[in-house]
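> Could you have a look at this structure, given as structure tokens, before my questions?
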Amino acid sequence: MSGESSARMRTILLHAGAVAMALWILVPIYFITAAAFSTQEAVFGYPKPLVPQISTGTLEFFLGASGVLPSFRRSVVVAFVTLGLAVAIGTPAGYALARFRFRGSDTFRLLIVSTRAFPIVILSIPLAVTFIRFGIDDSSFGLALMHTALALPFTVLVTSSVFAGISEELEEAAMTLGCNRLTAFRKVVLPLALPGLAAAAIFTWIISWNEVFAASILTLRNRTLPAQVLAALTQSPLPFQFAGGFVLLAPALVVIFVIRKYLFSLWGRVSR
């Protein structure tokens, strides 16, 4: 009986912890969304109703501000270019780390992780000078290269773990049946790795979308949305800040839910 009670207590504590964690994430999202869809007067009102009166005035005020829509489009372009470059480079690198044994492989993994140990603040001036010298400063492509460099260590390590979890015997069996390594990778390994690659793609996209420091340093006239919002934050009213927070938050949530649906469908297909 005591064993059942302790198991029930652990289950209750586990569920309580999950609910607390969900509320920790969802409550700020709710208040930001509620403020973004409230009137500007309601943003300053107190006490606030649990269900606000829906109004698009605050959001229209933000979207109508100078430079917001161009910076939004620029953020989308930079995030997708970063996603393409990071996955295109990180997937072969992760596969090589998982499948091939070579001298210094552990050191190489450590070097990949160590690139995240250098704060971008230290590298900001050399980066700005280098980008100006190559003529890619204040451009979406240059910023996408910087975001790729920031996201690539994560992408390589995640894809390496994904490929390490797929049995090499499947590739060997495909090669004994006439496939070369590339064909075996494309027809056997890649379909099994797609859920993990989709997860890496989610985080790569979000890293680029949320990044603000490099975007503020390397761009001036062609800024992404986080850099644009940061530049106007201290001079803008509170409704503008809530609307900006919602516009920054919403695309990331949409991407997560879209790829999440694709992710679950792939895992279900693989498990069958």
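Residue numbers start at 1 in each chain; chains themselves are named A, B, ... in the order of the structure tokens; ligands are numbered from 1 in the order shown.
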Determine which residues of region 34-238 of chain A DSSP labels as alpha helix (DSSP H) from the backbone of this structure, then write them out as number ranges by chain.

A: 34-36, 40-44, 57-63, 68-99, 105-114, 120-134, 140-164, 168-176, 181-184, 190-210, 213-218, 225-233, 238

> List the neighbours of Ala151 (chain A) out to 9 Å using only C-alpha atoms; skip same-chain residues closer than 4 positions along the sequence, and give me the result as a list in words.

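So, after excluding close chain neighbours, the residues are Thr82, Leu83, Ala86, Met146, His147, Thr155, Val156, Phe203, Thr204, Trp205, Ile207 and Ser208 of chain A.
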
> Could you write those residues out with C-alpha atoms, as a PDB file, in the first residue's frame?


```
ATOM      1  CA  THR A  82      20.192  30.568 -42.158  1.00  0.00           C
ATOM      2  CA  LEU A  83      18.068  27.444 -41.909  1.00  0.00           C
ATOM      3  CA  ALA A  86      22.966  25.446 -41.444  1.00  0.00           C
ATOM      4  CA  MET A 146      26.637  35.310 -39.125  1.00  0.00           C
ATOM      5  CA  HIS A 147      23.523  33.516 -37.890  1.00  0.00           C
ATOM      6  CA  THR A 155      23.059  21.806 -35.853  1.00  0.00           C
ATOM      7  CA  VAL A 156      26.195  19.665 -36.229  1.00  0.00           C
ATOM      8  CA  PHE A 203      15.851  25.474 -33.256  1.00  0.00           C
ATOM      9  CA  THR A 204      18.052  26.792 -36.055  1.00  0.00           C
ATOM     10  CA  TRP A 205      15.193  28.941 -37.363  1.00  0.00           C
ATOM     11  CA  ILE A 207      18.053  31.040 -33.157  1.00  0.00           C
ATOM     12  CA  SER A 208      18.145  33.233 -36.256  1.00  0.00           C
TER      13      SER A 208
END
```

> Mind giving me the straight-line distance from CA of Pro226 (chain A) to CA of Arg73 (chain A) in Å, one decimal?

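That distance, rounded to one decimal, is 11.8 Å.
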
> Looking at only C-alpha atoms, which of A:Gly196, A:Pro92, A:Gly142, A:Gly178 is the one that sits closest to Gly165 (chain A)?

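Once distances to Gly165 (chain A) are computed over only C-alpha atoms, the minimum belongs to A:Gly196.
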
> Neighbours of region 229-246 of chain A within 8 Å (only C-alpha atoms; same-chain residues fewer than 4 positions away dropped), as a ChimeraX atom specification?

/A:32-33,35-37,40,43,58-59,61-62,212,225,250

> Could you write those residues out with N, CA and C atoms, as a CSV table (one decimal), in the first residue's frame?


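Result file out_3.csv:
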```csv
chain,number,residue,atom,x,y,z
A,32,ILE,N,1.1,38.9,-23.1
A,32,ILE,CA,1.6,39.7,-24.2
A,32,ILE,C,0.6,39.7,-25.4
A,33,THR,N,0.0,38.5,-25.6
A,33,THR,CA,-1.0,38.5,-26.7
A,33,THR,C,-2.3,39.3,-26.3
A,35,ALA,N,-2.4,42.0,-24.4
A,35,ALA,CA,-2.1,43.4,-24.5
A,35,ALA,C,-1.9,43.8,-25.9
A,36,ALA,N,-1.4,42.9,-26.8
A,36,ALA,CA,-1.3,43.3,-28.2
A,36,ALA,C,-2.7,43.4,-28.9
A,37,PHE,N,-3.7,42.7,-28.4
A,37,PHE,CA,-5.0,42.8,-29.0
A,37,PHE,C,-6.0,43.6,-28.1
A,40,GLN,N,-5.2,50.8,-26.8
A,40,GLN,CA,-4.0,51.4,-26.1
A,40,GLN,C,-4.4,51.9,-24.8
A,43,VAL,N,-4.3,48.9,-22.2
A,43,VAL,CA,-2.9,48.5,-21.9
A,43,VAL,C,-2.5,49.1,-20.6
A,58,THR,N,-3.8,48.4,-31.3
A,58,THR,CA,-2.4,48.4,-30.8
A,58,THR,C,-1.5,47.7,-31.9
A,59,LEU,N,-2.0,46.6,-32.4
A,59,LEU,CA,-1.2,45.9,-33.4
A,59,LEU,C,-1.1,46.7,-34.7
A,61,PHE,N,-1.1,49.9,-34.9
A,61,PHE,CA,-0.2,51.0,-34.5
A,61,PHE,C,1.3,50.6,-34.7
A,62,PHE,N,1.5,49.3,-34.2
A,62,PHE,CA,2.9,48.8,-34.3
A,62,PHE,C,3.3,48.5,-35.8
A,212,VAL,N,19.5,39.1,-31.8
A,212,VAL,CA,19.4,40.6,-31.9
A,212,VAL,C,20.8,41.3,-31.8
A,225,LEU,N,13.8,42.5,-37.6
A,225,LEU,CA,12.7,43.0,-36.7
A,225,LEU,C,13.2,43.1,-35.3
A,250,ALA,N,4.9,35.4,-32.4
A,250,ALA,CA,3.9,34.7,-33.2
A,250,ALA,C,4.6,33.8,-34.3
```

> Mind pulling up the distance from CA of Ile217 (chain A) to CA of Ala128 (chain A)?

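One can read the CA of Ala128 (chain A) to CA of Ile217 (chain A) distance as 7.1 Å.
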
> Out of A:Leu85, A:Phe257, A:Leu218, A:Phe44, which residue has the shortest atom-to-atom distance to Ile125 (chain A) when counting only C-alpha atoms?

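Smallest separation from Ile125 (chain A) among the options: A:Leu218.
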
> Given only C-alpha atoms as the basis, pick out the residue of A:Glu4, A:Glu60, A:Glu211, A:Glu168 nearest to Phe100 (chain A).

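Answer, going by the shortest atom-to-atom distance: A:Glu168.
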
> Point out the residue among A:Ser114, A:Ser160, A:Ser105, A:Gln53 with the least atom-to-atom distance to Leu197 (chain A), counting only C-alpha atoms.

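Closest to Leu197 (chain A) of all the choices is A:Ser160.
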
> From the list A:Ala214, A:Gly84, A:Leu150, A:Arg74, which residue is nearest Leu127 (chain A) when using only C-alpha atoms?

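Looking at the shortest contact to Leu127 (chain A), the residue is A:Ala214.
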
> Would you mind telling me which residue in A:Leu97, A:Ile89, A:Phe213, A:Ser66 lies nearest to Leu123 (chain A) when using only C-alpha atoms?

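Selected residue with least distance to Leu123 (chain A): A:Phe213.
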